[in-house]
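final-v2.cif follows; it contains mmCIF, C-alpha atoms and all ligand atoms.
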```cif
data_start
#
loop_
_atom_site.group_PDB
_atom_site.id
_atom_site.type_symbol
_atom_site.label_atom_id
_atom_site.label_comp_id
_atom_site.auth_asym_id
_atom_site.auth_seq_id
_atom_site.Cartn_x
_atom_site.Cartn_y
_atom_site.Cartn_z
ATOM 1 C CA MET A 119 -89.182 33.669 -132.886
ATOM 2 C CA MET A 120 -89.803 30.015 -132.091
ATOM 3 C CA ASP A 121 -90.830 28.268 -135.274
ATOM 4 C CA ILE A 122 -92.674 24.972 -135.211
ATOM 5 C CA ASN A 123 -94.714 25.320 -138.357
ATOM 6 C CA THR A 124 -92.372 23.926 -140.976
ATOM 7 C CA PRO A 125 -94.296 20.969 -142.396
ATOM 8 C CA ILE A 126 -92.682 17.543 -142.254
ATOM 9 C CA PRO A 127 -92.553 16.250 -145.859
ATOM 10 C CA ILE A 128 -95.131 13.641 -146.841
ATOM 11 C CA VAL A 129 -94.264 10.933 -149.369
ATOM 12 C CA ASP A 130 -96.097 7.911 -150.742
ATOM 13 C CA GLY A 131 -95.131 5.142 -148.326
ATOM 14 C CA SER A 132 -96.762 2.443 -150.426
ATOM 15 C CA THR A 133 -94.254 2.886 -153.253
ATOM 16 C CA ILE A 134 -91.090 4.203 -151.603
ATOM 17 C CA THR A 135 -88.075 1.922 -152.063
ATOM 18 C CA ARG A 136 -85.563 0.975 -149.427
ATOM 19 C CA LYS A 137 -82.833 2.747 -151.362
ATOM 20 C CA THR A 138 -84.763 6.015 -151.461
ATOM 21 C CA PHE A 139 -85.873 5.856 -147.830
ATOM 22 C CA GLU A 140 -82.386 5.060 -146.549
ATOM 23 C CA SER A 141 -80.542 7.581 -148.699
ATOM 24 C CA GLN A 142 -83.003 10.474 -148.331
ATOM 25 C CA TYR A 143 -84.298 10.064 -144.793
ATOM 26 C CA LEU A 144 -82.688 7.379 -142.644
ATOM 27 C CA ASN A 145 -79.017 8.078 -143.349
ATOM 28 C CA PRO A 146 -79.313 11.885 -143.167
ATOM 29 C CA GLN A 147 -81.705 11.465 -140.179
ATOM 30 C CA LYS A 148 -84.520 13.565 -141.630
ATOM 31 C CA PRO A 149 -88.126 13.089 -140.506
ATOM 32 C CA VAL A 150 -90.771 12.183 -143.074
ATOM 33 C CA VAL A 151 -94.385 11.007 -143.186
ATOM 34 C CA LEU A 152 -94.720 7.747 -145.142
ATOM 35 C CA ARG A 153 -98.343 7.858 -146.205
ATOM 36 C CA GLY A 154 -99.865 4.403 -146.719
ATOM 37 C CA LEU A 155 -96.761 2.429 -145.717
ATOM 38 C CA TRP A 156 -98.991 -0.040 -143.840
ATOM 39 C CA LYS A 157 -101.454 -0.560 -146.688
ATOM 40 C CA GLN A 158 -99.609 -3.829 -147.301
ATOM 41 C CA TYR A 159 -100.824 -5.284 -143.954
ATOM 42 C CA PRO A 160 -104.270 -6.478 -142.758
ATOM 43 C CA ALA A 161 -104.009 -4.173 -139.717
ATOM 44 C CA TYR A 162 -104.448 -1.186 -142.030
ATOM 45 C CA GLU A 163 -108.188 -1.936 -142.392
ATOM 46 C CA LYS A 164 -108.743 -4.280 -139.489
ATOM 47 C CA TRP A 165 -107.560 -2.283 -136.511
ATOM 48 C CA THR A 166 -110.433 -0.085 -135.422
ATOM 49 C CA MET A 167 -111.752 0.865 -131.974
ATOM 50 C CA ASP A 168 -114.511 -1.731 -132.393
ATOM 51 C CA TYR A 169 -112.046 -4.431 -133.280
ATOM 52 C CA PHE A 170 -110.093 -3.853 -130.058
ATOM 53 C CA ARG A 171 -113.293 -3.572 -128.026
ATOM 54 C CA GLN A 172 -114.508 -6.917 -129.311
ATOM 55 C CA SER A 173 -111.268 -8.825 -129.311
ATOM 56 C CA MET A 174 -109.814 -7.798 -125.961
ATOM 57 C CA GLY A 175 -112.278 -5.475 -124.255
ATOM 58 C CA ASP A 176 -112.167 -7.492 -121.030
ATOM 59 C CA ILE A 177 -108.586 -6.993 -120.043
ATOM 60 C CA GLU A 178 -107.715 -4.502 -117.329
ATOM 61 C CA VAL A 179 -105.530 -1.579 -118.359
ATOM 62 C CA SER A 180 -103.417 0.807 -116.275
ATOM 63 C CA LEU A 181 -103.888 4.442 -117.196
ATOM 64 C CA PHE A 182 -101.816 7.556 -116.676
ATOM 65 C CA SER A 183 -103.046 11.073 -116.100
ATOM 66 C CA SER A 184 -100.924 13.795 -117.676
ATOM 67 C CA LYS A 185 -102.250 16.309 -115.116
ATOM 68 C CA GLN A 186 -101.138 14.219 -112.179
ATOM 69 C CA ALA A 187 -97.775 13.316 -113.626
ATOM 70 C CA ASN A 188 -94.717 14.567 -111.802
ATOM 71 C CA PRO A 189 -92.520 16.466 -114.292
ATOM 72 C CA SER A 190 -89.353 15.215 -112.583
ATOM 73 C CA GLU A 191 -90.207 11.583 -113.259
ATOM 74 C CA THR A 192 -90.678 9.310 -116.194
ATOM 75 C CA LEU A 193 -94.176 7.855 -116.054
ATOM 76 C CA ALA A 194 -94.023 4.745 -113.908
ATOM 77 C CA VAL A 195 -96.992 4.601 -111.536
ATOM 78 C CA ALA A 196 -100.517 4.263 -112.925
ATOM 79 C CA HIS A 197 -103.228 6.720 -111.843
ATOM 80 C CA ALA A 198 -106.290 4.602 -112.707
ATOM 81 C CA LYS A 199 -107.322 1.151 -113.865
ATOM 82 C CA MET A 200 -110.355 -0.006 -115.841
ATOM 83 C CA LYS A 201 -111.499 -2.518 -118.432
ATOM 84 C CA PHE A 202 -110.085 -1.849 -121.891
ATOM 85 C CA ASN A 203 -113.526 -1.540 -123.527
ATOM 86 C CA GLU A 204 -114.617 1.000 -120.877
ATOM 87 C CA TYR A 205 -111.507 3.000 -121.633
ATOM 88 C CA LEU A 206 -112.149 2.904 -125.402
ATOM 89 C CA ASP A 207 -115.722 4.091 -124.772
ATOM 90 C CA LEU A 208 -114.394 6.845 -122.564
ATOM 91 C CA ILE A 209 -111.925 8.221 -125.088
ATOM 92 C CA GLU A 210 -114.579 8.246 -127.784
ATOM 93 C CA ARG A 211 -117.187 9.904 -125.591
ATOM 94 C CA ASP A 212 -115.978 12.018 -122.688
ATOM 95 C CA PRO A 213 -113.206 14.482 -122.039
ATOM 96 C CA THR A 214 -110.542 12.762 -119.957
ATOM 97 C CA ASP A 215 -106.805 13.073 -119.628
ATOM 98 C CA LEU A 216 -106.251 9.376 -118.983
ATOM 99 C CA ARG A 217 -103.710 7.858 -121.323
ATOM 100 C CA LEU A 218 -102.616 4.367 -122.219
ATOM 101 C CA PHE A 219 -98.888 4.527 -122.933
ATOM 102 C CA LEU A 220 -96.464 1.976 -124.290
ATOM 103 C CA PHE A 221 -99.215 -0.619 -124.186
ATOM 104 C CA PRO A 222 -97.859 -4.147 -124.771
ATOM 105 C CA VAL A 223 -101.075 -5.174 -126.497
ATOM 106 C CA PHE A 224 -99.362 -8.192 -128.084
ATOM 107 C CA LYS A 225 -98.719 -9.838 -124.739
ATOM 108 C CA HIS A 226 -102.461 -9.949 -124.225
ATOM 109 C CA LYS A 227 -103.286 -10.966 -127.766
ATOM 110 C CA PRO A 228 -100.305 -12.398 -129.655
ATOM 111 C CA ASP A 229 -102.561 -13.082 -132.668
ATOM 112 C CA LEU A 230 -102.382 -9.369 -133.462
ATOM 113 C CA LEU A 231 -98.786 -9.898 -134.537
ATOM 114 C CA LYS A 232 -100.114 -11.718 -137.595
ATOM 115 C CA ASP A 233 -101.831 -8.523 -138.727
ATOM 116 C CA PHE A 234 -98.641 -6.730 -139.695
ATOM 117 C CA GLY A 235 -94.949 -7.056 -140.496
ATOM 118 C CA TYR A 236 -91.855 -4.897 -140.495
ATOM 119 C CA PRO A 237 -91.713 -2.815 -143.676
ATOM 120 C CA ASN A 238 -88.853 -3.595 -145.956
ATOM 121 C CA ILE A 239 -87.806 0.052 -146.292
ATOM 122 C CA THR A 240 -85.048 -0.610 -143.774
ATOM 123 C CA GLY A 241 -83.704 -3.338 -141.443
ATOM 124 C CA ARG A 242 -82.406 -3.726 -137.875
ATOM 125 C CA TYR A 243 -85.872 -3.657 -136.324
ATOM 126 C CA LEU A 244 -86.176 -4.046 -132.566
ATOM 127 C CA LYS A 245 -89.258 -6.223 -132.712
ATOM 128 C CA ILE A 246 -91.018 -4.828 -129.658
ATOM 129 C CA PRO A 247 -94.063 -2.942 -130.920
ATOM 130 C CA PHE A 248 -96.035 -0.711 -128.553
ATOM 131 C CA MET A 249 -99.423 0.896 -128.841
ATOM 132 C CA PHE A 250 -100.562 4.314 -127.617
ATOM 133 C CA PHE A 251 -104.191 5.277 -126.986
ATOM 134 C CA GLY A 252 -105.360 8.755 -126.107
ATOM 135 C CA PRO A 253 -108.469 10.948 -125.876
ATOM 136 C CA LYS A 254 -109.008 14.169 -127.787
ATOM 137 C CA HIS A 255 -106.740 17.001 -126.570
ATOM 138 C CA SER A 256 -104.456 14.750 -124.562
ATOM 139 C CA VAL A 257 -100.818 15.632 -124.808
ATOM 140 C CA THR A 258 -97.616 13.667 -124.428
ATOM 141 C CA ARG A 259 -95.165 16.177 -123.070
ATOM 142 C CA MET A 260 -91.954 16.875 -124.887
ATOM 143 C CA HIS A 261 -89.354 14.159 -124.652
ATOM 144 C CA MET A 262 -86.967 12.117 -126.741
ATOM 145 C CA ASP A 263 -87.004 8.339 -126.612
ATOM 146 C CA ILE A 264 -84.523 7.135 -124.058
ATOM 147 C CA ASP A 265 -82.952 4.371 -126.159
ATOM 148 C CA LEU A 266 -82.228 6.744 -129.062
ATOM 149 C CA SER A 267 -83.686 4.328 -131.587
ATOM 150 C CA ASN A 268 -85.311 5.419 -134.853
ATOM 151 C CA VAL A 269 -89.079 5.390 -134.349
ATOM 152 C CA PHE A 270 -91.860 4.638 -136.854
ATOM 153 C CA LEU A 271 -95.168 5.859 -135.534
ATOM 154 C CA THR A 272 -98.252 4.630 -137.405
ATOM 155 C CA GLN A 273 -101.683 6.173 -136.885
ATOM 156 C CA PHE A 274 -104.920 4.177 -137.030
ATOM 157 C CA THR A 275 -108.091 5.807 -135.706
ATOM 158 C CA GLY A 276 -108.055 9.562 -134.982
ATOM 159 C CA LYS A 277 -105.515 12.289 -135.661
ATOM 160 C CA ARG A 278 -102.289 13.055 -133.850
ATOM 161 C CA ARG A 279 -100.330 16.266 -134.206
ATOM 162 C CA VAL A 280 -96.632 15.700 -133.707
ATOM 163 C CA VAL A 281 -94.099 18.505 -133.324
ATOM 164 C CA LEU A 282 -90.470 17.462 -133.733
ATOM 165 C CA PHE A 283 -87.181 19.143 -132.918
ATOM 166 C CA ALA A 284 -83.772 17.841 -133.975
ATOM 167 C CA PRO A 285 -81.396 16.713 -131.209
ATOM 168 C CA ASN A 286 -79.228 19.799 -131.787
ATOM 169 C CA GLN A 287 -82.074 21.923 -130.351
ATOM 170 C CA SER A 288 -81.776 20.283 -126.914
ATOM 171 C CA SER A 289 -80.183 23.229 -125.107
ATOM 172 C CA LEU A 290 -82.773 25.664 -126.487
ATOM 173 C CA LEU A 291 -85.470 23.324 -125.200
ATOM 174 C CA TYR A 292 -83.953 23.211 -121.705
ATOM 175 C CA ARG A 293 -83.223 19.532 -121.766
ATOM 176 C CA LEU A 294 -82.953 18.175 -118.224
ATOM 177 C CA PRO A 295 -79.636 16.394 -117.672
ATOM 178 C CA PHE A 296 -79.685 12.687 -116.698
ATOM 179 C CA ASN A 297 -83.026 12.507 -118.406
ATOM 180 C CA VAL A 298 -84.806 12.732 -121.751
ATOM 181 C CA HIS A 299 -87.415 15.311 -120.829
ATOM 182 C CA SER A 300 -87.850 19.024 -121.086
ATOM 183 C CA THR A 301 -90.088 21.203 -118.914
ATOM 184 C CA VAL A 302 -91.042 23.629 -121.700
ATOM 185 C CA ASP A 303 -94.550 23.620 -123.124
ATOM 186 C CA ILE A 304 -94.418 24.582 -126.783
ATOM 187 C CA ASP A 305 -98.167 25.172 -126.965
ATOM 188 C CA LYS A 306 -98.096 27.693 -124.095
ATOM 189 C CA PRO A 307 -94.550 28.982 -124.420
ATOM 190 C CA ASP A 308 -93.304 30.870 -121.383
ATOM 191 C CA PHE A 309 -90.547 32.985 -122.916
ATOM 192 C CA GLU A 310 -89.935 34.844 -119.641
ATOM 193 C CA THR A 311 -88.869 31.662 -117.889
ATOM 194 C CA TYR A 312 -87.395 30.031 -120.980
ATOM 195 C CA PRO A 313 -85.982 32.847 -123.162
ATOM 196 C CA ALA A 314 -83.778 30.543 -125.269
ATOM 197 C CA MET A 315 -86.867 28.721 -126.480
ATOM 198 C CA ARG A 316 -87.608 31.684 -128.744
ATOM 199 C CA TYR A 317 -84.872 30.439 -131.042
ATOM 200 C CA ALA A 318 -85.930 26.800 -131.228
ATOM 201 C CA LYS A 319 -86.868 25.531 -134.663
ATOM 202 C CA GLY A 320 -89.092 22.517 -135.134
ATOM 203 C CA CYS A 321 -91.446 20.952 -137.645
ATOM 204 C CA THR A 322 -94.967 19.571 -137.538
ATOM 205 C CA ALA A 323 -97.180 16.880 -139.036
ATOM 206 C CA VAL A 324 -100.773 15.868 -138.344
ATOM 207 C CA LEU A 325 -100.966 12.107 -138.697
ATOM 208 C CA GLU A 326 -104.121 10.502 -140.047
ATOM 209 C CA HIS A 327 -105.183 6.922 -140.610
ATOM 210 C CA GLY A 328 -102.417 5.091 -142.454
ATOM 211 C CA ASP A 329 -99.668 7.669 -141.956
ATOM 212 C CA THR A 330 -96.347 6.484 -140.568
ATOM 213 C CA LEU A 331 -94.055 9.153 -139.167
ATOM 214 C CA PHE A 332 -90.347 8.420 -139.247
ATOM 215 C CA MET A 333 -88.717 10.065 -136.220
ATOM 216 C CA PRO A 334 -84.921 9.835 -136.377
ATOM 217 C CA SER A 335 -82.851 8.902 -133.293
ATOM 218 C CA GLY A 336 -82.941 11.413 -130.475
ATOM 219 C CA TYR A 337 -85.588 13.654 -132.028
ATOM 220 C CA TRP A 338 -87.689 15.574 -129.495
ATOM 221 C CA HIS A 339 -91.410 15.047 -129.841
ATOM 222 C CA HIS A 340 -94.495 16.738 -128.468
ATOM 223 C CA VAL A 341 -97.670 14.819 -129.306
ATOM 224 C CA GLU A 342 -101.251 16.049 -129.176
ATOM 225 C CA TYR A 343 -104.316 13.933 -129.914
ATOM 226 C CA VAL A 344 -106.304 16.253 -132.156
ATOM 227 C CA GLU A 345 -108.930 13.492 -132.141
ATOM 228 C CA GLY A 346 -109.157 10.533 -129.780
ATOM 229 C CA GLY A 347 -107.532 7.470 -131.280
ATOM 230 C CA PHE A 348 -104.552 5.205 -131.305
ATOM 231 C CA GLY A 349 -101.294 4.347 -132.994
ATOM 232 C CA LEU A 350 -98.450 1.896 -132.931
ATOM 233 C CA SER A 351 -94.730 2.443 -132.771
ATOM 234 C CA VAL A 352 -91.923 0.204 -133.930
ATOM 235 C CA ARG A 353 -88.255 1.037 -133.719
ATOM 236 C CA THR A 354 -84.962 0.285 -135.388
ATOM 237 C CA LEU A 355 -81.471 0.480 -133.897
ATOM 238 C CA GLY A 356 -79.911 3.946 -133.740
ATOM 239 C CA HIS A 357 -78.160 5.028 -136.934
ATOM 240 C CA ASN A 358 -74.553 4.753 -135.764
ATOM 241 C CA LEU A 359 -72.516 3.062 -133.048
ATOM 242 C CA PRO A 360 -72.097 6.092 -130.744
ATOM 243 C CA THR A 361 -75.892 6.612 -130.801
ATOM 244 C CA ILE A 362 -76.542 2.937 -130.024
ATOM 245 C CA LEU A 363 -74.048 2.988 -127.146
ATOM 246 C CA ARG A 364 -75.436 6.253 -125.814
ATOM 247 C CA GLY A 365 -78.967 4.770 -125.936
ATOM 248 C CA ALA A 366 -77.807 1.677 -124.047
ATOM 249 C CA TYR A 367 -76.126 3.885 -121.443
ATOM 250 C CA ASN A 368 -79.323 5.962 -121.086
ATOM 251 C CA VAL A 369 -81.579 2.985 -120.400
ATOM 252 C CA THR A 370 -79.201 1.357 -117.948
ATOM 253 C CA ILE A 371 -76.762 3.510 -115.999
ATOM 254 C CA GLN A 372 -78.196 6.981 -116.553
ATOM 255 C CA ARG A 373 -81.767 6.011 -115.688
ATOM 256 C CA LYS A 374 -80.683 4.179 -112.526
ATOM 257 C CA LEU A 375 -78.501 7.086 -111.477
ATOM 258 C CA ASP A 376 -81.362 9.531 -111.998
ATOM 259 C CA ASP A 377 -83.738 7.311 -109.981
ATOM 260 C CA LEU A 378 -81.191 6.932 -107.212
ATOM 261 C CA LEU A 379 -80.478 10.647 -106.934
ATOM 262 C CA ARG A 380 -84.188 11.505 -107.038
ATOM 263 C CA TRP A 381 -84.758 9.019 -104.237
ATOM 264 C CA ALA A 382 -81.831 10.350 -102.198
ATOM 265 C CA GLN A 383 -82.258 14.068 -102.845
ATOM 266 C CA GLY A 384 -85.908 14.541 -103.830
ATOM 267 C CA ASP A 385 -86.738 18.086 -104.945
ATOM 268 C CA LYS A 386 -83.147 19.198 -104.592
ATOM 269 C CA TRP A 387 -82.161 16.870 -107.432
ATOM 270 C CA PHE A 388 -84.880 18.259 -109.706
ATOM 271 C CA ALA A 389 -83.836 21.830 -108.812
ATOM 272 C CA TYR A 390 -80.233 21.005 -109.678
ATOM 273 C CA LYS A 391 -81.239 19.553 -113.046
ATOM 274 C CA LYS A 392 -83.276 22.647 -113.863
ATOM 275 C CA LYS A 393 -80.276 24.808 -112.977
ATOM 276 C CA VAL A 394 -78.047 22.861 -115.359
ATOM 277 C CA ALA A 395 -80.699 23.087 -118.095
ATOM 278 C CA ASN A 396 -80.868 26.869 -117.602
ATOM 279 C CA ARG A 397 -77.112 27.245 -117.702
ATOM 280 C CA ARG A 398 -76.872 25.323 -120.962
ATOM 281 C CA ALA A 399 -79.724 27.298 -122.491
ATOM 282 C CA GLU A 400 -78.044 30.587 -121.537
ATOM 283 C CA ALA A 401 -74.787 29.443 -123.153
ATOM 284 C CA ALA A 402 -76.664 28.448 -126.312
ATOM 285 C CA LEU A 403 -78.449 31.785 -126.355
ATOM 286 C CA LYS A 404 -75.185 33.683 -125.950
ATOM 287 C CA ALA A 405 -73.600 31.704 -128.773
ATOM 288 C CA LEU A 406 -76.508 32.607 -131.020
ATOM 289 C CA GLN A 407 -76.412 36.263 -130.089
ATOM 290 C CA ASN A 408 -72.683 36.395 -130.815
ATOM 291 C CA GLN A 409 -73.168 34.943 -134.253
ATOM 292 C CA PRO A 410 -72.629 37.504 -137.027
ATOM 293 C CA PRO A 411 -75.980 38.064 -138.775
ATOM 294 C CA THR A 412 -74.473 37.059 -142.094
ATOM 295 C CA ALA A 413 -73.471 33.644 -140.763
ATOM 296 C CA GLY A 414 -76.957 32.387 -141.460
ATOM 297 C CA ASN A 415 -79.945 32.321 -139.213
ATOM 298 C CA THR A 416 -80.037 28.673 -138.269
ATOM 299 C CA THR A 417 -79.467 27.759 -134.653
ATOM 300 C CA GLN A 418 -77.690 24.646 -135.754
ATOM 301 C CA THR A 419 -74.274 26.109 -136.443
ATOM 302 C CA ALA A 420 -73.989 27.531 -132.960
ATOM 303 C CA LEU A 421 -75.361 24.487 -131.252
ATOM 304 C CA GLY A 422 -74.485 21.471 -133.297
HETATM 305 O O1 LIG B 1 -98.738 8.936 -128.855
HETATM 306 C C1 LIG B 1 -98.181 9.236 -127.828
HETATM 307 O O2 LIG B 1 -98.778 9.543 -126.829
HETATM 308 C C2 LIG B 1 -96.690 9.318 -127.697
HETATM 309 C C3 LIG B 1 -95.936 8.551 -128.709
HETATM 310 C C4 LIG B 1 -94.493 8.611 -128.355
HETATM 311 O O3 LIG B 1 -94.058 9.441 -127.602
HETATM 312 C C5 LIG B 1 -93.536 7.649 -128.915
HETATM 313 O O4 LIG B 1 -93.903 6.790 -129.713
HETATM 314 O O5 LIG B 1 -92.369 7.718 -128.513
#
```
Turn this file's structure into C-alpha cells for me.
Amino acid sequence: MMDINTPIPIVDGSTITRKTFESQYLNPQKPVVLRGLWKQYPAYEKWTMDYFRQSMGDIEVSLFSSKQANPSETLAVAHAKMKFNEYLDLIERDPTDLRLFLFPVFKHKPDLLKDFGYPNITGRYLKIPFMFFGPKHSVTRMHMDIDLSNVFLTQFTGKRRVVLFAPNQSSLLYRLPFNVHSTVDIDKPDFETYPAMRYAKGCTAVLEHGDTLFMPSGYWHHVEYVEGGFGLSVRTLGHNLPTILRGAYNVTIQRKLDDLLRWAQGDKWFAYKKKVANRRAEAALKALQNQPPTAGNTTQTALG
C-alpha cells in the first residue's frame, strides 16, 4: 500500500557541521529537516506577516489559483492581482486558493537580502532566493523542480506539510514525459486510475517556524499549507555533472519543446503524455510483481 508516513529525520540545524551535512545528507541525497539553521540570521525573528505588510504592502502581486490551473501546463499566467498587504490579510483571514509562487521579493526590496546569508553547511549556492506565500489548506501539486537543483526550504510563519518521493519513484507516480509534473493526487489517491501508485513510498515532514527542509535534486514534492504562512527557498547546484546537465536541458530544450508541442497539438499532446506515463507505470508495476518476495520489499531495486 502507498506509504507516505515515514518521517523525514529532524536534526539540530544550528549546530550541524558542513562535514556531517555533506557526508550524511547531501552526498547520499537524503532529505532532512535542519531545525534552527536560520537562527544565525536576523530574518529568523524579523520576517513576520506584519513586517512584510509594513515594508512592502503597497506593491501589486500576481496570484495563481490552484483550482483554475491547467494540469498540462506549468503555472505561467496569473489568475488575480492585488496589493501585497491585501493578500497577506486575505491569507490570514479568509479561505482562498490564491497563491503567490516563486515570488522575487528581493527585486522589490533588495534590503531584505541583508537579513540572511547562505548557510555554510555546503557551497555552490545559486543565489536566487524565492518566496512562497499560501493560505491554509492550499496545495502545491506534486512536481519536481525543473532545474534538478538541491533545494533548501525554510519556513517562517505558519506550517507546511511536505511529502517527498525519491526520483526513483517517478514511474509509480505517473511522471508526465517532457515535464516535471505528475497528475496523481496523493491526498485523494485514485488507485483505479493509477494502480501503480499503491506501491509508491514517500516520506513526510511538517515544517514550522525556523525549520529548513533539505530536498535533494529531483525529489518529488507535494506541499500543503496546514496553516497560512510563508517560506523561502534557496538552491545549490545538482549533486553531480549528469544531474546538472539534465537540469540545464530541462529548463532550456525540454521546456521549449513541451511548450511548442502543446501549442501545436493542444489536448492531443497532453493525452499522449498521459499515455506514456501509464505505459511506464505499468512496466514498473510488472517489474515489481515479478520480483521474488524474498528480494526485499522496496520498489527501488525494480525501478532504480
Ligand atoms: O510552498 C510551496 O508552495 C511550494 C514550494 C516548492 O514547490 C518549491 O520550493 O519548489
Subject >> Test item: residues lying within 10 Å of ligand LIG 1 (chain B) with all atoms listed in the file, as number ranges by chain >> reply: A: 217-220, 247-253, 256-264, 267-273, 278-280, 331, 333, 337-343, 347-353
Written file, previous selection with C-alpha atoms, as a PDB file, in the coordinates of the input:
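Contents of selection17.pdb, as written:
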```pdb
ATOM      1  CA  ARG A 217    -103.710   7.858-121.323  1.00  0.00           C
ATOM      2  CA  LEU A 218    -102.616   4.367-122.219  1.00  0.00           C
ATOM      3  CA  PHE A 219     -98.888   4.527-122.933  1.00  0.00           C
ATOM      4  CA  LEU A 220     -96.464   1.976-124.290  1.00  0.00           C
ATOM      5  CA  PRO A 247     -94.063  -2.942-130.920  1.00  0.00           C
ATOM      6  CA  PHE A 248     -96.035  -0.711-128.553  1.00  0.00           C
ATOM      7  CA  MET A 249     -99.423   0.896-128.841  1.00  0.00           C
ATOM      8  CA  PHE A 250    -100.562   4.314-127.617  1.00  0.00           C
ATOM      9  CA  PHE A 251    -104.191   5.277-126.986  1.00  0.00           C
ATOM     10  CA  GLY A 252    -105.360   8.755-126.107  1.00  0.00           C
ATOM     11  CA  PRO A 253    -108.469  10.948-125.876  1.00  0.00           C
ATOM     12  CA  SER A 256    -104.456  14.750-124.562  1.00  0.00           C
ATOM     13  CA  VAL A 257    -100.818  15.632-124.808  1.00  0.00           C
ATOM     14  CA  THR A 258     -97.616  13.667-124.428  1.00  0.00           C
ATOM     15  CA  ARG A 259     -95.165  16.177-123.070  1.00  0.00           C
ATOM     16  CA  MET A 260     -91.954  16.875-124.887  1.00  0.00           C
ATOM     17  CA  HIS A 261     -89.354  14.159-124.652  1.00  0.00           C
ATOM     18  CA  MET A 262     -86.967  12.117-126.741  1.00  0.00           C
ATOM     19  CA  ASP A 263     -87.004   8.339-126.612  1.00  0.00           C
ATOM     20  CA  ILE A 264     -84.523   7.135-124.058  1.00  0.00           C
ATOM     21  CA  SER A 267     -83.686   4.328-131.587  1.00  0.00           C
ATOM     22  CA  ASN A 268     -85.311   5.419-134.853  1.00  0.00           C
ATOM     23  CA  VAL A 269     -89.079   5.390-134.349  1.00  0.00           C
ATOM     24  CA  PHE A 270     -91.860   4.638-136.854  1.00  0.00           C
ATOM     25  CA  LEU A 271     -95.168   5.859-135.534  1.00  0.00           C
ATOM     26  CA  THR A 272     -98.252   4.630-137.405  1.00  0.00           C
ATOM     27  CA  GLN A 273    -101.683   6.173-136.885  1.00  0.00           C
ATOM     28  CA  ARG A 278    -102.289  13.055-133.850  1.00  0.00           C
ATOM     29  CA  ARG A 279    -100.330  16.266-134.206  1.00  0.00           C
ATOM     30  CA  VAL A 280     -96.632  15.700-133.707  1.00  0.00           C
ATOM     31  CA  LEU A 331     -94.055   9.153-139.167  1.00  0.00           C
ATOM     32  CA  MET A 333     -88.717  10.065-136.220  1.00  0.00           C
ATOM     33  CA  TYR A 337     -85.588  13.654-132.028  1.00  0.00           C
ATOM     34  CA  TRP A 338     -87.689  15.574-129.495  1.00  0.00           C
ATOM     35  CA  HIS A 339     -91.410  15.047-129.841  1.00  0.00           C
ATOM     36  CA  HIS A 340     -94.495  16.738-128.468  1.00  0.00           C
ATOM     37  CA  VAL A 341     -97.670  14.819-129.306  1.00  0.00           C
ATOM     38  CA  GLU A 342    -101.251  16.049-129.176  1.00  0.00           C
ATOM     39  CA  TYR A 343    -104.316  13.933-129.914  1.00  0.00           C
ATOM     40  CA  GLY A 347    -107.532   7.470-131.280  1.00  0.00           C
ATOM     41  CA  PHE A 348    -104.552   5.205-131.305  1.00  0.00           C
ATOM     42  CA  GLY A 349    -101.294   4.347-132.994  1.00  0.00           C
ATOM     43  CA  LEU A 350     -98.450   1.896-132.931  1.00  0.00           C
ATOM     44  CA  SER A 351     -94.730   2.443-132.771  1.00  0.00           C
ATOM     45  CA  VAL A 352     -91.923   0.204-133.930  1.00  0.00           C
ATOM     46  CA  ARG A 353     -88.255   1.037-133.719  1.00  0.00           C
TER      47      ARG A 353
END
```
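Of the listed residues A:Ile239, A:Ile122, A:Leu231, A:Val324, the one whose atoms come nearest to A:Tyr159 is A:Leu231, with distances taken using only C-alpha atoms.
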**OP:** Spell out the residues picked by the PyMOL selection byres (((chain A and resi 328) around 6) and not hetatm) here, as JSON, numbers by chain.
**Re:** {"A": [154, 273, 327, 329]}
For the residues in that selection, give me C-alpha atoms as a short mmCIF file (atom, residue, chain, number, x, y, z; two decimals), in the frame of the given file.
```
data_model
loop_
_atom_site.label_atom_id
_atom_site.label_comp_id
_atom_site.auth_asym_id
_atom_site.auth_seq_id
_atom_site.Cartn_x
_atom_site.Cartn_y
_atom_site.Cartn_z
CA GLY A 154 -99.86 4.40 -146.72
CA GLN A 273 -101.68 6.17 -136.88
CA HIS A 327 -105.18 6.92 -140.61
CA ASP A 329 -99.67 7.67 -141.96
#
```
Per-residue nearest contacts of stretch 287-357 of chain A to stretch 383-405 of chain A (12 Å; only C-alpha atoms) as JSON lines:
```
{"residue": "A:Gln287", "atom": "CA", "partner": "A:Ala402", "partner_atom": "CA", "distance": 9.4}
{"residue": "A:Ser288", "atom": "CA", "partner": "A:Ala399", "partner_atom": "CA", "distance": 8.5}
{"residue": "A:Ser289", "atom": "CA", "partner": "A:Ala399", "partner_atom": "CA", "distance": 4.9}
{"residue": "A:Leu290", "atom": "CA", "partner": "A:Ala399", "partner_atom": "CA", "distance": 5.3}
{"residue": "A:Leu291", "atom": "CA", "partner": "A:Ala399", "partner_atom": "CA", "distance": 7.5}
{"residue": "A:Tyr292", "atom": "CA", "partner": "A:Ala395", "partner_atom": "CA", "distance": 4.9}
{"residue": "A:Arg293", "atom": "CA", "partner": "A:Ala395", "partner_atom": "CA", "distance": 5.7}
{"residue": "A:Leu294", "atom": "CA", "partner": "A:Ala395", "partner_atom": "CA", "distance": 5.4}
{"residue": "A:Pro295", "atom": "CA", "partner": "A:Lys391", "partner_atom": "CA", "distance": 5.8}
{"residue": "A:Phe296", "atom": "CA", "partner": "A:Lys391", "partner_atom": "CA", "distance": 7.9}
{"residue": "A:Asn297", "atom": "CA", "partner": "A:Lys391", "partner_atom": "CA", "distance": 9.0}
{"residue": "A:Val298", "atom": "CA", "partner": "A:Lys391", "partner_atom": "CA", "distance": 11.6}
{"residue": "A:His299", "atom": "CA", "partner": "A:Ala395", "partner_atom": "CA", "distance": 10.6}
{"residue": "A:Ser300", "atom": "CA", "partner": "A:Ala395", "partner_atom": "CA", "distance": 8.8}
{"residue": "A:Thr301", "atom": "CA", "partner": "A:Lys392", "partner_atom": "CA", "distance": 8.6}
{"residue": "A:Val302", "atom": "CA", "partner": "A:Ala395", "partner_atom": "CA", "distance": 11.0}
{"residue": "A:Thr311", "atom": "CA", "partner": "A:Asn396", "partner_atom": "CA", "distance": 9.3}
{"residue": "A:Tyr312", "atom": "CA", "partner": "A:Asn396", "partner_atom": "CA", "distance": 8.0}
{"residue": "A:Pro313", "atom": "CA", "partner": "A:Leu403", "partner_atom": "CA", "distance": 8.3}
{"residue": "A:Ala314", "atom": "CA", "partner": "A:Leu403", "partner_atom": "CA", "distance": 5.6}
{"residue": "A:Met315", "atom": "CA", "partner": "A:Ala399", "partner_atom": "CA", "distance": 8.3}
{"residue": "A:Arg316", "atom": "CA", "partner": "A:Leu403", "partner_atom": "CA", "distance": 9.5}
{"residue": "A:Tyr317", "atom": "CA", "partner": "A:Leu403", "partner_atom": "CA", "distance": 8.1}
{"residue": "A:Ala318", "atom": "CA", "partner": "A:Leu403", "partner_atom": "CA", "distance": 10.2}
```
